[in-house]
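S.K.: Pasting in a structure now, in structure tokens, and then I'll have a few things to ask.
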There are 2 protein chains.
Amino acid sequence: MLGKQKAKYIQSLGQKKQRDAEGLFIAEGPKIVSELIQTFPQYIQEVYAVKEWIKENDHLHTRVVTEVTDNELEKISQLKTPNQVVAVVKKFDKSELPDVKGKISLVLDTIQDPGNLGTIIRIADWFGVDQIICSNDSADVYNPKVVQATMGSIARVNIFYADLPVWLRQQKDIRMYAAMLEGSDITKMDPIKEGLIIIGNESKGISEEIIELVNEKIAIPKKGKAESLNAAVAVGIVLAQIST
Amino acid sequence: MLGKQKAKYIQSLGQKKQRDAEGLFIAEGPKIVSELIQTFPQYIQEVYAVKEWIKENDHLHTRVVTEVTDNELEKISQLKTPNQVVAVVKKFDKSELPDVKGKISLVLDTIQDPGNLGTIIRIADWFGVDQIICSNDSADVYNPKVVQATMGSIARVNIFYADLPVWLRQQKDIRMYAAMLEGSDITKMDPIKEGLIIIGNESKGISEEIIELVNEKIAIPKKGKAESLNAAVAVGIVLAQIST
């Protein structure tokens, strides 16, 4: 049973302002909710699920489940087709920026499309890259569309936000690689153990201010005529080549 | 000036049934429409554009332009945010299946998401792969969402539909590579000059019937924990590695 006010409250977490104020976000669907319950049980605030999901997920031992009808689920879902379960989750605290030594980190300059950001998080997770530093004007990782597109990888990849030029200037003794339309051929590069891989906004690329800080420009060789590649596809190609 | 009946007719081309019956599809936005006008002038049936577009695209010498108001454009657009111009285009005639000797072709088994299909066409165009053979149950290439996602590459990549198992059995003396979760490491493969690269449905993969026809299973090494990669991302990684 779900009160009208409560439903309205959960729906409101679709807005960034509300997520920031409450320190909460929502995750939907059996796959991602079960990943989150297993990885971060302490972050799960509330779970609203249909009878079928509750029966099938008894092994998760979640104590915070409220059974809802299909009709009620529809009222709190952000999806066109609601999918069994909606969880209200505490935002992971990422106030301190991460240490980048000894590993590959992704740096995203103004990736604004939520689907792209979510897909990039999923790709990072596939290649074992566990931290991403986004410019402050990138999409919000807790946007429901981002959360969905990660397909559960949001539970395994740490996402940070920073004023990129300022933060990059503080990173000493680490190689920075900027993915550009022109640069050294990525397919001829050897895998690396450490470095920052910088990916830019799809139409504008990486900002001039950041390009000036970079050691190496890398590029995906173009053999045909398309003007650009999707940012997430570029991340996949780069990480397939250089991750170890 | 655009009549009410005409607007309704153009809108109806959003439906596959109507596109098939009329042999037409619609393309929207300055980028893709200008690519199509330049590449296939003979296929352009009608163009509806706002004054601004007409002024800026005088060099295209299109004789079939009708000026419309923003309001009228909105009535014929399939986009949330209409973008200056809508073209009604004749479907490219692709009744005969292509010759696959001497080049790399993509083969798509049940790629049903229009955005994925469009992105794959764009990636193929980037890597100079100019033909794609889709299973009959794949998304329709003339679906407005596919057309948009190609970002103009639809004008340069030939798309065919076939009963894949039947068609693949007819292809003799050509190597077939199936992208799977397990197979030989794609990042260790040398570029090829000829072959069929088979990509499967994201959740179901490649159908058993097709896998049996394949010479070689290839895979993108997984180093982290995500369960799968987006189909378009997989295409990008494979083509970056093996296209020449």
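Simple scheme: letters A, B, ... for chains in structure tokens order, numbers from 1 for residues in each chain, numbers from 1 for ligands in the order shown.
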Please produce chain B as a compact mmCIF listing (two decimals) with C-alpha atoms, in the first residue's frame once it has been superposed on chain A, the fit using all Cα atoms paired in sequence order.

M.R.:
# COMPACT_ATOMS: atom_id res chain seq x y z
CA MET B 1 -0.04 -0.04 -0.05
CA LEU B 2 1.34 3.31 -1.10
CA GLY B 3 -0.02 6.69 -0.02
CA LYS B 4 -0.60 9.46 -2.51
CA GLN B 5 1.89 11.82 -0.86
CA LYS B 6 4.56 9.15 -0.75
CA ALA B 7 4.07 8.36 -4.45
CA LYS B 8 4.43 12.03 -5.25
CA TYR B 9 7.62 12.22 -3.17
CA ILE B 10 9.22 9.25 -4.95
CA GLN B 11 8.27 10.65 -8.34
CA SER B 12 9.90 13.95 -7.39
CA LEU B 13 13.28 12.22 -7.12
CA GLY B 14 13.28 12.27 -10.93
CA GLN B 15 14.40 15.91 -10.50
CA LYS B 16 18.04 16.71 -9.73
CA LYS B 17 17.10 19.49 -7.33
CA GLN B 18 15.05 17.09 -5.27
CA ARG B 19 17.73 14.36 -5.39
CA ASP B 20 20.34 16.82 -4.15
CA ALA B 21 18.11 18.09 -1.36
CA GLU B 22 17.22 14.61 -0.14
CA GLY B 23 20.52 12.84 -0.84
CA LEU B 24 18.56 10.08 -2.56
CA PHE B 25 18.05 8.63 -6.02
CA ILE B 26 15.88 5.96 -7.58
CA ALA B 27 16.81 2.75 -9.36
CA GLU B 28 14.35 0.58 -11.26
CA GLY B 29 14.04 -2.93 -12.58
CA PRO B 30 15.05 -6.33 -11.16
CA LYS B 31 18.59 -6.36 -12.50
CA ILE B 32 19.88 -3.08 -11.16
CA VAL B 33 17.93 -3.21 -7.90
CA SER B 34 19.27 -6.64 -7.04
CA GLU B 35 22.83 -5.53 -7.91
CA LEU B 36 22.44 -2.54 -5.59
CA ILE B 37 20.94 -4.57 -2.76
CA GLN B 38 23.80 -7.03 -2.95
CA THR B 39 26.59 -4.48 -3.33
CA PHE B 40 25.35 -1.68 -1.09
CA PRO B 41 22.71 -3.02 1.30
CA GLN B 42 23.39 -0.13 3.65
CA TYR B 43 22.44 2.39 0.96
CA ILE B 44 19.01 0.96 0.22
CA GLN B 45 16.39 3.13 1.86
CA GLU B 46 13.14 1.73 0.51
CA VAL B 47 12.07 -0.85 -2.05
CA TYR B 48 8.63 -0.90 -3.72
CA ALA B 49 7.92 -4.08 -5.60
CA VAL B 50 5.11 -6.16 -7.05
CA LYS B 51 4.26 -9.49 -5.44
CA GLU B 52 6.06 -11.47 -8.16
CA TRP B 53 9.40 -9.71 -7.54
CA ILE B 54 9.12 -10.16 -3.78
CA LYS B 55 8.51 -13.87 -4.20
CA GLU B 56 11.46 -14.32 -6.57
CA ASN B 57 13.89 -12.24 -4.52
CA ASP B 58 13.38 -13.74 -1.12
CA HIS B 59 17.10 -14.62 -1.06
CA LEU B 60 18.04 -10.92 -1.01
CA HIS B 61 16.65 -10.61 2.54
CA THR B 62 15.69 -6.99 2.09
CA ARG B 63 13.79 -5.76 5.08
CA VAL B 64 12.65 -2.53 3.50
CA VAL B 65 10.26 -3.89 0.86
CA THR B 66 6.74 -2.57 0.47
CA GLU B 67 4.44 -4.54 -1.78
CA VAL B 68 2.67 -2.43 -4.41
CA THR B 69 0.15 -3.10 -7.16
CA ASP B 70 1.01 -2.62 -10.85
CA ASN B 71 -1.05 0.50 -10.69
CA GLU B 72 0.89 1.92 -7.76
CA LEU B 73 4.21 0.97 -9.37
CA GLU B 74 3.24 2.94 -12.43
CA LYS B 75 2.70 6.01 -10.27
CA ILE B 76 6.25 6.00 -8.89
CA SER B 77 8.09 4.75 -11.98
CA GLN B 78 10.13 6.98 -14.29
CA LEU B 79 9.97 4.36 -17.04
CA LYS B 80 7.48 4.11 -19.88
CA THR B 81 7.10 0.45 -19.00
CA PRO B 82 7.52 0.00 -15.23
CA ASN B 83 9.56 -3.08 -14.40
CA GLN B 84 8.51 -4.84 -11.17
CA VAL B 85 10.54 -2.85 -8.65
CA VAL B 86 11.59 0.69 -7.70
CA ALA B 87 14.25 1.31 -5.05
CA VAL B 88 14.97 4.55 -3.24
CA VAL B 89 18.72 4.62 -2.64
CA LYS B 90 21.04 6.92 -0.70
CA LYS B 91 23.53 8.73 -2.93
CA PHE B 92 27.04 7.37 -2.57
CA ASP B 93 29.22 9.92 -0.83
CA LYS B 94 31.85 11.07 -3.30
CA SER B 95 33.04 14.33 -1.84
CA GLU B 96 36.75 13.56 -1.90
CA LEU B 97 38.31 13.28 -5.31
CA PRO B 98 40.08 9.99 -5.97
CA ASP B 99 43.71 8.96 -6.16
CA VAL B 100 44.58 8.22 -9.77
CA LYS B 101 48.00 6.60 -9.32
CA GLY B 102 48.49 3.03 -10.48
CA LYS B 103 45.29 2.69 -12.48
CA ILE B 104 43.41 3.86 -15.52
CA SER B 105 40.73 6.50 -14.90
CA LEU B 106 38.27 8.01 -17.34
CA VAL B 107 37.82 11.79 -17.44
CA LEU B 108 34.66 13.07 -19.13
CA ASP B 109 34.45 16.63 -20.36
CA THR B 110 30.80 17.67 -20.68
CA ILE B 111 29.10 14.39 -21.56
CA GLN B 112 25.56 15.70 -21.34
CA ASP B 113 23.46 12.88 -22.75
CA PRO B 114 22.28 10.65 -19.87
CA GLY B 115 22.19 7.54 -22.06
CA ASN B 116 25.78 8.15 -23.15
CA LEU B 117 27.00 8.63 -19.57
CA GLY B 118 25.25 5.45 -18.43
CA THR B 119 26.65 3.44 -21.34
CA ILE B 120 30.16 4.77 -20.62
CA ILE B 121 29.86 3.63 -16.98
CA ARG B 122 28.85 0.18 -18.20
CA ILE B 123 31.81 0.03 -20.62
CA ALA B 124 34.23 1.13 -17.88
CA ASP B 125 32.89 -1.69 -15.71
CA TRP B 126 33.42 -4.21 -18.53
CA PHE B 127 37.07 -3.19 -18.87
CA GLY B 128 37.73 -3.02 -15.14
CA VAL B 129 38.05 0.77 -14.97
CA ASP B 130 36.52 1.68 -11.64
CA GLN B 131 36.66 5.45 -11.51
CA ILE B 132 35.35 8.24 -13.69
CA ILE B 133 35.87 11.94 -13.09
CA CYS B 134 33.21 14.12 -14.81
CA SER B 135 33.21 17.84 -15.44
CA ASN B 136 30.64 19.63 -13.32
CA ASP B 137 28.46 20.27 -16.38
CA SER B 138 28.19 16.59 -17.29
CA ALA B 139 24.91 14.70 -16.84
CA ASP B 140 24.01 13.81 -13.25
CA VAL B 141 24.94 10.20 -12.53
CA TYR B 142 21.78 9.87 -10.40
CA ASN B 143 19.52 10.90 -13.28
CA PRO B 144 17.15 7.91 -13.72
CA LYS B 145 18.14 7.58 -17.38
CA VAL B 146 21.82 7.33 -16.44
CA VAL B 147 21.09 4.81 -13.68
CA GLN B 148 19.08 2.65 -16.13
CA ALA B 149 21.69 2.81 -18.90
CA THR B 150 24.45 1.57 -16.56
CA MET B 151 22.60 -1.78 -16.35
CA GLY B 152 23.78 -2.20 -12.78
CA SER B 153 27.37 -1.03 -13.29
CA ILE B 154 26.63 2.10 -11.26
CA ALA B 155 27.17 -0.12 -8.21
CA ARG B 156 30.75 -0.91 -9.23
CA VAL B 157 32.16 2.25 -10.80
CA ASN B 158 32.93 5.33 -8.70
CA ILE B 159 31.80 8.59 -10.27
CA PHE B 160 33.18 11.96 -9.20
CA TYR B 161 32.52 15.52 -10.31
CA ALA B 162 35.18 18.21 -10.51
CA ASP B 163 36.17 21.51 -12.05
CA LEU B 164 38.27 19.63 -14.60
CA PRO B 165 40.93 22.20 -15.55
CA VAL B 166 41.60 22.94 -11.86
CA TRP B 167 41.68 19.27 -10.90
CA LEU B 168 43.81 18.21 -13.87
CA ARG B 169 46.42 20.85 -13.02
CA GLN B 170 46.78 19.22 -9.59
CA GLN B 171 47.53 15.81 -11.08
CA LYS B 172 51.30 15.54 -11.30
CA ASP B 173 53.37 12.69 -12.69
CA ILE B 174 50.54 10.99 -14.51
CA ARG B 175 50.09 10.74 -18.26
CA MET B 176 46.98 12.31 -19.74
CA TYR B 177 45.59 11.08 -23.05
CA ALA B 178 43.03 13.15 -24.93
CA ALA B 179 40.79 11.36 -27.44
CA MET B 180 40.62 13.66 -30.45
CA LEU B 181 39.73 13.53 -34.14
CA GLU B 182 43.45 13.80 -34.87
CA GLY B 183 46.23 12.26 -32.83
CA SER B 184 48.40 9.18 -32.64
CA ASP B 185 46.69 6.01 -33.87
CA ILE B 186 45.08 4.33 -30.88
CA THR B 187 45.11 0.92 -32.57
CA LYS B 188 48.92 1.02 -32.56
CA MET B 189 49.18 1.91 -28.88
CA ASP B 190 50.33 -0.58 -26.28
CA PRO B 191 48.19 -1.25 -23.20
CA ILE B 192 48.92 1.00 -20.22
CA LYS B 193 48.73 0.41 -16.50
CA GLU B 194 48.16 4.01 -15.44
CA GLY B 195 46.76 7.16 -16.98
CA LEU B 196 43.87 9.55 -17.46
CA ILE B 197 41.81 9.00 -20.61
CA ILE B 198 39.99 12.21 -21.47
CA ILE B 199 36.83 12.05 -23.61
CA GLY B 200 35.09 15.19 -24.81
CA ASN B 201 31.61 16.36 -25.64
CA GLU B 202 30.44 14.77 -28.87
CA SER B 203 29.78 17.89 -30.85
CA LYS B 204 32.30 20.26 -29.24
CA GLY B 205 35.06 17.81 -28.31
CA ILE B 206 37.45 18.52 -25.43
CA SER B 207 37.72 22.16 -24.34
CA GLU B 208 40.83 24.10 -25.34
CA GLU B 209 41.76 24.74 -21.73
CA ILE B 210 41.98 20.99 -21.08
CA ILE B 211 43.76 20.12 -24.33
CA GLU B 212 46.62 22.40 -23.28
CA LEU B 213 47.23 20.29 -20.16
CA VAL B 214 47.48 17.00 -22.04
CA ASN B 215 50.62 14.97 -22.83
CA GLU B 216 49.29 12.94 -25.67
CA LYS B 217 46.57 13.20 -28.28
CA ILE B 218 45.11 9.90 -29.38
CA ALA B 219 42.68 9.19 -32.21
CA ILE B 220 40.59 6.38 -33.64
CA PRO B 221 41.58 6.08 -37.31
CA LYS B 222 38.78 7.02 -39.69
CA LYS B 223 38.59 4.88 -42.81
CA GLY B 224 35.21 5.95 -44.13
CA LYS B 225 33.16 9.12 -44.17
CA ALA B 226 31.14 9.52 -40.95
CA GLU B 227 31.98 12.84 -39.29
CA SER B 228 32.26 11.50 -35.78
CA LEU B 229 31.76 8.51 -33.52
CA ASN B 230 29.37 8.34 -30.58
CA ALA B 231 31.26 9.22 -27.36
CA ALA B 232 30.43 5.88 -25.71
CA VAL B 233 31.62 3.95 -28.76
CA ALA B 234 34.88 5.92 -28.66
CA VAL B 235 35.35 5.01 -24.98
CA GLY B 236 34.80 1.33 -25.84
CA ILE B 237 37.37 1.37 -28.63
CA VAL B 238 39.99 3.19 -26.55
CA LEU B 239 39.59 0.96 -23.48
CA ALA B 240 39.57 -2.25 -25.56
CA GLN B 241 42.95 -1.19 -26.87
CA ILE B 242 44.76 0.19 -23.83
CA SER B 243 43.26 -1.35 -20.72
CA THR B 244 45.21 -4.16 -19.09

S.K.: Which residues in stretch 45-230 of chain B does DSSP call strand (DSSP E)? List them as a PyMOL selection string.

M.R.: chain B and resi 45-49+65-67+85-90+104-109+131-135+158-162+176-180+184-185+195-200+216-219

S.K.: Can you spit out the residues from that selection as a CSV table (one decimal), in the first residue's frame, using N, CA and C atoms?

M.R.:
chain,number,residue,atom,x,y,z
B,45,GLN,N,12.0,13.5,-52.7
B,45,GLN,CA,10.7,13.8,-53.3
B,45,GLN,C,10.2,15.2,-52.9
B,46,GLU,N,10.2,15.5,-51.6
B,46,GLU,CA,9.8,16.8,-51.2
B,46,GLU,C,10.6,17.2,-50.0
B,47,VAL,N,10.8,18.6,-49.9
B,47,VAL,CA,11.5,19.1,-48.7
B,47,VAL,C,10.6,20.2,-48.1
B,48,TYR,N,10.4,20.2,-46.8
B,48,TYR,CA,9.6,21.2,-46.1
B,48,TYR,C,10.6,21.9,-45.1
B,49,ALA,N,10.8,23.2,-45.3
B,49,ALA,CA,11.8,23.8,-44.5
B,49,ALA,C,11.3,25.2,-44.0
B,65,VAL,N,11.5,22.4,-52.6
B,65,VAL,CA,11.3,22.9,-51.3
B,65,VAL,C,10.0,23.7,-51.1
B,66,THR,N,9.3,23.4,-50.0
B,66,THR,CA,8.2,24.2,-49.7
B,66,THR,C,8.5,24.9,-48.4
B,67,GLU,N,8.3,26.2,-48.3
B,67,GLU,CA,8.5,26.9,-47.1
B,67,GLU,C,7.4,26.7,-46.1
B,85,VAL,N,14.0,21.4,-40.9
B,85,VAL,CA,13.7,20.8,-42.2
B,85,VAL,C,13.3,19.3,-42.1
B,86,VAL,N,12.3,19.0,-42.9
B,86,VAL,CA,11.8,17.6,-43.0
B,86,VAL,C,11.8,17.2,-44.5
B,87,ALA,N,12.5,16.1,-44.9
B,87,ALA,CA,12.5,15.7,-46.3
B,87,ALA,C,11.7,14.4,-46.4
B,88,VAL,N,11.0,14.3,-47.5
B,88,VAL,CA,10.3,13.0,-47.9
B,88,VAL,C,11.2,12.4,-49.0
B,89,VAL,N,11.7,11.2,-48.7
B,89,VAL,CA,12.7,10.6,-49.6
B,89,VAL,C,12.2,9.2,-50.1
B,90,LYS,N,12.5,8.9,-51.3
B,90,LYS,CA,12.2,7.6,-51.8
B,90,LYS,C,13.1,6.6,-51.2
B,104,ILE,N,34.8,-6.1,-46.2
B,104,ILE,CA,34.2,-6.5,-44.9
B,104,ILE,C,32.7,-6.1,-44.9
B,105,SER,N,31.8,-7.0,-44.6
B,105,SER,CA,30.4,-6.7,-44.4
B,105,SER,C,30.0,-7.0,-43.0
B,106,LEU,N,29.0,-6.2,-42.5
B,106,LEU,CA,28.4,-6.5,-41.2
B,106,LEU,C,27.2,-7.3,-41.4
B,107,VAL,N,26.9,-8.2,-40.5
B,107,VAL,CA,25.7,-9.0,-40.5
B,107,VAL,C,25.0,-8.9,-39.2
B,108,LEU,N,23.8,-8.4,-39.1
B,108,LEU,CA,23.1,-8.1,-37.8
B,108,LEU,C,22.0,-9.1,-37.6
B,109,ASP,N,22.1,-9.8,-36.5
B,109,ASP,CA,21.0,-10.8,-36.2
B,109,ASP,C,20.1,-10.2,-35.1
B,131,GLN,N,28.5,-2.0,-46.4
B,131,GLN,CA,27.2,-2.8,-46.5
B,131,GLN,C,26.9,-3.6,-45.3
B,132,ILE,N,25.7,-3.6,-44.9
B,132,ILE,CA,25.2,-4.3,-43.7
B,132,ILE,C,24.0,-5.2,-44.1
B,133,ILE,N,24.0,-6.4,-43.8
B,133,ILE,CA,22.9,-7.3,-44.0
B,133,ILE,C,22.2,-7.6,-42.7
B,134,CYS,N,20.9,-7.3,-42.6
B,134,CYS,CA,20.2,-7.4,-41.4
B,134,CYS,C,19.2,-8.6,-41.5
B,135,SER,N,19.0,-9.3,-40.4
B,135,SER,CA,17.9,-10.3,-40.3
B,135,SER,C,16.6,-9.6,-40.5
B,158,ASN,N,25.0,0.8,-47.5
B,158,ASN,CA,23.9,0.1,-48.0
B,158,ASN,C,23.4,-1.0,-47.1
B,159,ILE,N,22.1,-0.9,-46.8
B,159,ILE,CA,21.4,-1.8,-45.9
B,159,ILE,C,20.5,-2.8,-46.6
B,160,PHE,N,20.7,-4.1,-46.3
B,160,PHE,CA,19.9,-5.1,-46.9
B,160,PHE,C,19.2,-5.9,-45.8
B,161,TYR,N,18.1,-6.6,-46.2
B,161,TYR,CA,17.4,-7.5,-45.2
B,161,TYR,C,17.4,-8.9,-45.9
B,162,ALA,N,17.6,-9.9,-45.0
B,162,ALA,CA,17.6,-11.3,-45.6
B,162,ALA,C,17.1,-12.2,-44.5
B,176,MET,N,33.4,-16.3,-41.9
B,176,MET,CA,32.4,-15.7,-41.1
B,176,MET,C,32.8,-15.6,-39.6
B,177,TYR,N,32.8,-14.4,-39.0
B,177,TYR,CA,33.2,-14.2,-37.7
B,177,TYR,C,32.0,-13.9,-36.8
B,178,ALA,N,31.8,-14.6,-35.8
B,178,ALA,CA,30.6,-14.3,-34.9
B,178,ALA,C,31.1,-13.7,-33.6
B,179,ALA,N,30.6,-12.5,-33.3
B,179,ALA,CA,31.0,-11.8,-32.0
B,179,ALA,C,30.2,-12.5,-30.9
B,180,MET,N,30.9,-13.1,-29.9
B,180,MET,CA,30.3,-13.8,-28.9
B,180,MET,C,30.9,-13.4,-27.5
B,184,SER,N,37.9,-16.3,-29.6
B,184,SER,CA,39.3,-15.8,-29.6
B,184,SER,C,39.3,-14.3,-29.5
B,185,ASP,N,40.4,-13.9,-28.8
B,185,ASP,CA,40.5,-12.5,-28.3
B,185,ASP,C,40.7,-11.5,-29.5
B,195,GLY,N,35.4,-10.5,-45.2
B,195,GLY,CA,34.8,-11.3,-44.2
B,195,GLY,C,33.4,-10.8,-43.8
B,196,LEU,N,32.6,-11.7,-43.2
B,196,LEU,CA,31.3,-11.3,-42.6
B,196,LEU,C,31.5,-11.2,-41.1
B,197,ILE,N,31.2,-10.1,-40.5
B,197,ILE,CA,31.2,-9.9,-39.1
B,197,ILE,C,29.8,-10.0,-38.5
B,198,ILE,N,29.5,-11.0,-37.8
B,198,ILE,CA,28.1,-11.2,-37.3
B,198,ILE,C,27.9,-10.8,-35.9
B,199,ILE,N,27.0,-9.9,-35.7
B,199,ILE,CA,26.7,-9.3,-34.4
B,199,ILE,C,25.2,-9.7,-34.0
B,200,GLY,N,25.1,-10.2,-32.8
B,200,GLY,CA,23.8,-10.7,-32.3
B,200,GLY,C,23.0,-9.7,-31.5
B,216,GLU,N,34.5,-18.8,-37.2
B,216,GLU,CA,35.3,-18.4,-36.1
B,216,GLU,C,34.5,-17.6,-35.1
B,217,LYS,N,34.7,-17.9,-33.8
B,217,LYS,CA,34.1,-17.1,-32.8
B,217,LYS,C,35.1,-16.1,-32.2
B,218,ILE,N,34.7,-14.8,-32.2
B,218,ILE,CA,35.5,-13.8,-31.7
B,218,ILE,C,34.9,-13.1,-30.4
B,219,ALA,N,35.7,-12.6,-29.5
B,219,ALA,CA,35.2,-12.0,-28.3
B,219,ALA,C,36.0,-10.8,-27.9

S.K.: I need the residues in stretch 33-180 of chain B that are alpha helix (DSSP H) according to DSSP; give them as a compact mmCIF listing (two decimals) with N, CA and C atoms, in the first residue's frame.

M.R.:
# COMPACT_ATOMS: atom_id res chain seq x y z
N VAL B 33 19.53 15.97 -43.98
CA VAL B 33 18.84 16.34 -45.22
C VAL B 33 19.84 16.86 -46.26
N SER B 34 20.82 17.64 -45.82
CA SER B 34 21.76 18.13 -46.83
C SER B 34 22.65 17.00 -47.36
N GLU B 35 22.99 16.04 -46.49
CA GLU B 35 23.76 14.87 -46.96
C GLU B 35 22.96 14.13 -48.03
N LEU B 36 21.67 13.93 -47.76
CA LEU B 36 20.84 13.17 -48.70
C LEU B 36 20.66 13.93 -50.01
N ILE B 37 20.46 15.23 -49.93
CA ILE B 37 20.27 16.01 -51.15
C ILE B 37 21.53 15.95 -52.02
N GLN B 38 22.68 15.98 -51.35
CA GLN B 38 23.93 15.95 -52.12
C GLN B 38 24.26 14.57 -52.67
N THR B 39 23.95 13.53 -51.88
CA THR B 39 24.31 12.18 -52.31
C THR B 39 23.27 11.58 -53.25
N LYS B 51 12.09 29.24 -43.29
CA LYS B 51 12.73 30.27 -44.11
C LYS B 51 14.26 30.27 -43.93
N GLU B 52 14.68 30.19 -42.66
CA GLU B 52 16.10 30.24 -42.31
C GLU B 52 16.90 29.15 -43.05
N TRP B 53 16.38 27.93 -43.05
CA TRP B 53 17.08 26.82 -43.71
C TRP B 53 17.17 27.08 -45.21
N ILE B 54 16.07 27.55 -45.78
CA ILE B 54 16.04 27.78 -47.23
C ILE B 54 17.10 28.82 -47.62
N LYS B 55 17.21 29.85 -46.81
CA LYS B 55 18.18 30.91 -47.06
C LYS B 55 19.61 30.35 -47.00
N GLU B 56 19.87 29.54 -45.99
CA GLU B 56 21.23 29.04 -45.77
C GLU B 56 21.62 27.93 -46.74
N ASP B 70 7.20 27.47 -38.34
CA ASP B 70 7.60 26.60 -37.24
C ASP B 70 6.44 25.71 -36.80
N ASN B 71 5.27 26.34 -36.81
CA ASN B 71 4.08 25.64 -36.41
C ASN B 71 3.76 24.47 -37.33
N GLU B 72 3.87 24.73 -38.63
CA GLU B 72 3.62 23.66 -39.61
C GLU B 72 4.68 22.57 -39.52
N LEU B 73 5.94 22.98 -39.32
CA LEU B 73 7.02 22.01 -39.20
C LEU B 73 6.75 21.05 -38.05
N GLU B 74 6.28 21.62 -36.96
CA GLU B 74 5.99 20.80 -35.79
C GLU B 74 4.95 19.72 -36.12
N LYS B 75 4.01 20.07 -36.99
CA LYS B 75 2.95 19.12 -37.33
C LYS B 75 3.44 17.93 -38.15
N ILE B 76 4.52 18.10 -38.89
CA ILE B 76 5.00 16.98 -39.71
C ILE B 76 6.23 16.30 -39.11
N PRO B 114 16.08 0.80 -32.53
CA PRO B 114 16.37 1.70 -33.65
C PRO B 114 17.63 2.54 -33.42
N GLY B 115 17.81 3.01 -32.20
CA GLY B 115 19.00 3.82 -31.90
C GLY B 115 20.27 3.01 -32.11
N ASN B 116 20.25 1.76 -31.68
CA ASN B 116 21.41 0.89 -31.89
C ASN B 116 21.70 0.68 -33.37
N LEU B 117 20.66 0.39 -34.16
CA LEU B 117 20.88 0.16 -35.59
C LEU B 117 21.47 1.41 -36.25
N GLY B 118 20.90 2.58 -35.92
CA GLY B 118 21.40 3.82 -36.50
C GLY B 118 22.86 4.08 -36.13
N THR B 119 23.18 3.84 -34.86
CA THR B 119 24.56 4.05 -34.40
C THR B 119 25.51 3.08 -35.09
N ILE B 120 25.07 1.84 -35.31
CA ILE B 120 25.91 0.85 -35.99
C ILE B 120 26.18 1.30 -37.44
N ILE B 121 25.17 1.86 -38.10
CA ILE B 121 25.36 2.34 -39.48
C ILE B 121 26.42 3.46 -39.50
N ARG B 122 26.32 4.34 -38.50
CA ARG B 122 27.29 5.43 -38.40
C ARG B 122 28.70 4.90 -38.15
N ILE B 123 28.84 3.90 -37.31
CA ILE B 123 30.16 3.32 -37.03
C ILE B 123 30.71 2.64 -38.28
N ALA B 124 29.86 1.90 -38.99
CA ALA B 124 30.29 1.24 -40.23
C ALA B 124 30.85 2.30 -41.19
N ASP B 125 30.14 3.40 -41.30
CA ASP B 125 30.56 4.48 -42.19
C ASP B 125 31.91 5.06 -41.77
N TRP B 126 32.13 5.18 -40.47
CA TRP B 126 33.43 5.69 -39.97
C TRP B 126 34.57 4.76 -40.40
N PRO B 144 12.17 6.52 -38.45
CA PRO B 144 12.75 7.84 -38.23
C PRO B 144 13.85 7.86 -37.17
N LYS B 145 13.72 7.02 -36.15
CA LYS B 145 14.76 7.00 -35.10
C LYS B 145 16.07 6.42 -35.62
N VAL B 146 15.98 5.45 -36.53
CA VAL B 146 17.19 4.89 -37.14
C VAL B 146 17.84 5.97 -38.02
N VAL B 147 17.01 6.57 -38.88
CA VAL B 147 17.51 7.59 -39.81
C VAL B 147 18.25 8.68 -39.03
N GLN B 148 17.64 9.17 -37.93
CA GLN B 148 18.27 10.22 -37.12
C GLN B 148 19.60 9.75 -36.55
N ALA B 149 19.61 8.54 -35.98
CA ALA B 149 20.81 8.06 -35.27
C ALA B 149 21.98 7.83 -36.23
N LEU B 164 18.55 -14.65 -42.67
CA LEU B 164 19.99 -14.83 -42.48
C LEU B 164 20.51 -16.26 -42.61
N PRO B 165 19.89 -17.24 -41.95
CA PRO B 165 20.44 -18.60 -42.09
C PRO B 165 20.46 -19.05 -43.56
N VAL B 166 19.39 -18.77 -44.29
CA VAL B 166 19.32 -19.15 -45.71
C VAL B 166 20.42 -18.43 -46.49
N TRP B 167 20.51 -17.14 -46.30
CA TRP B 167 21.48 -16.34 -47.05
C TRP B 167 22.92 -16.73 -46.70
N LEU B 168 23.18 -16.94 -45.41
CA LEU B 168 24.55 -17.29 -45.01
C LEU B 168 24.98 -18.63 -45.60
N ARG B 169 24.03 -19.57 -45.72
CA ARG B 169 24.37 -20.87 -46.30
C ARG B 169 24.79 -20.74 -47.76
N GLN B 170 24.31 -19.69 -48.42
CA GLN B 170 24.66 -19.48 -49.84
C GLN B 170 26.04 -18.83 -50.01
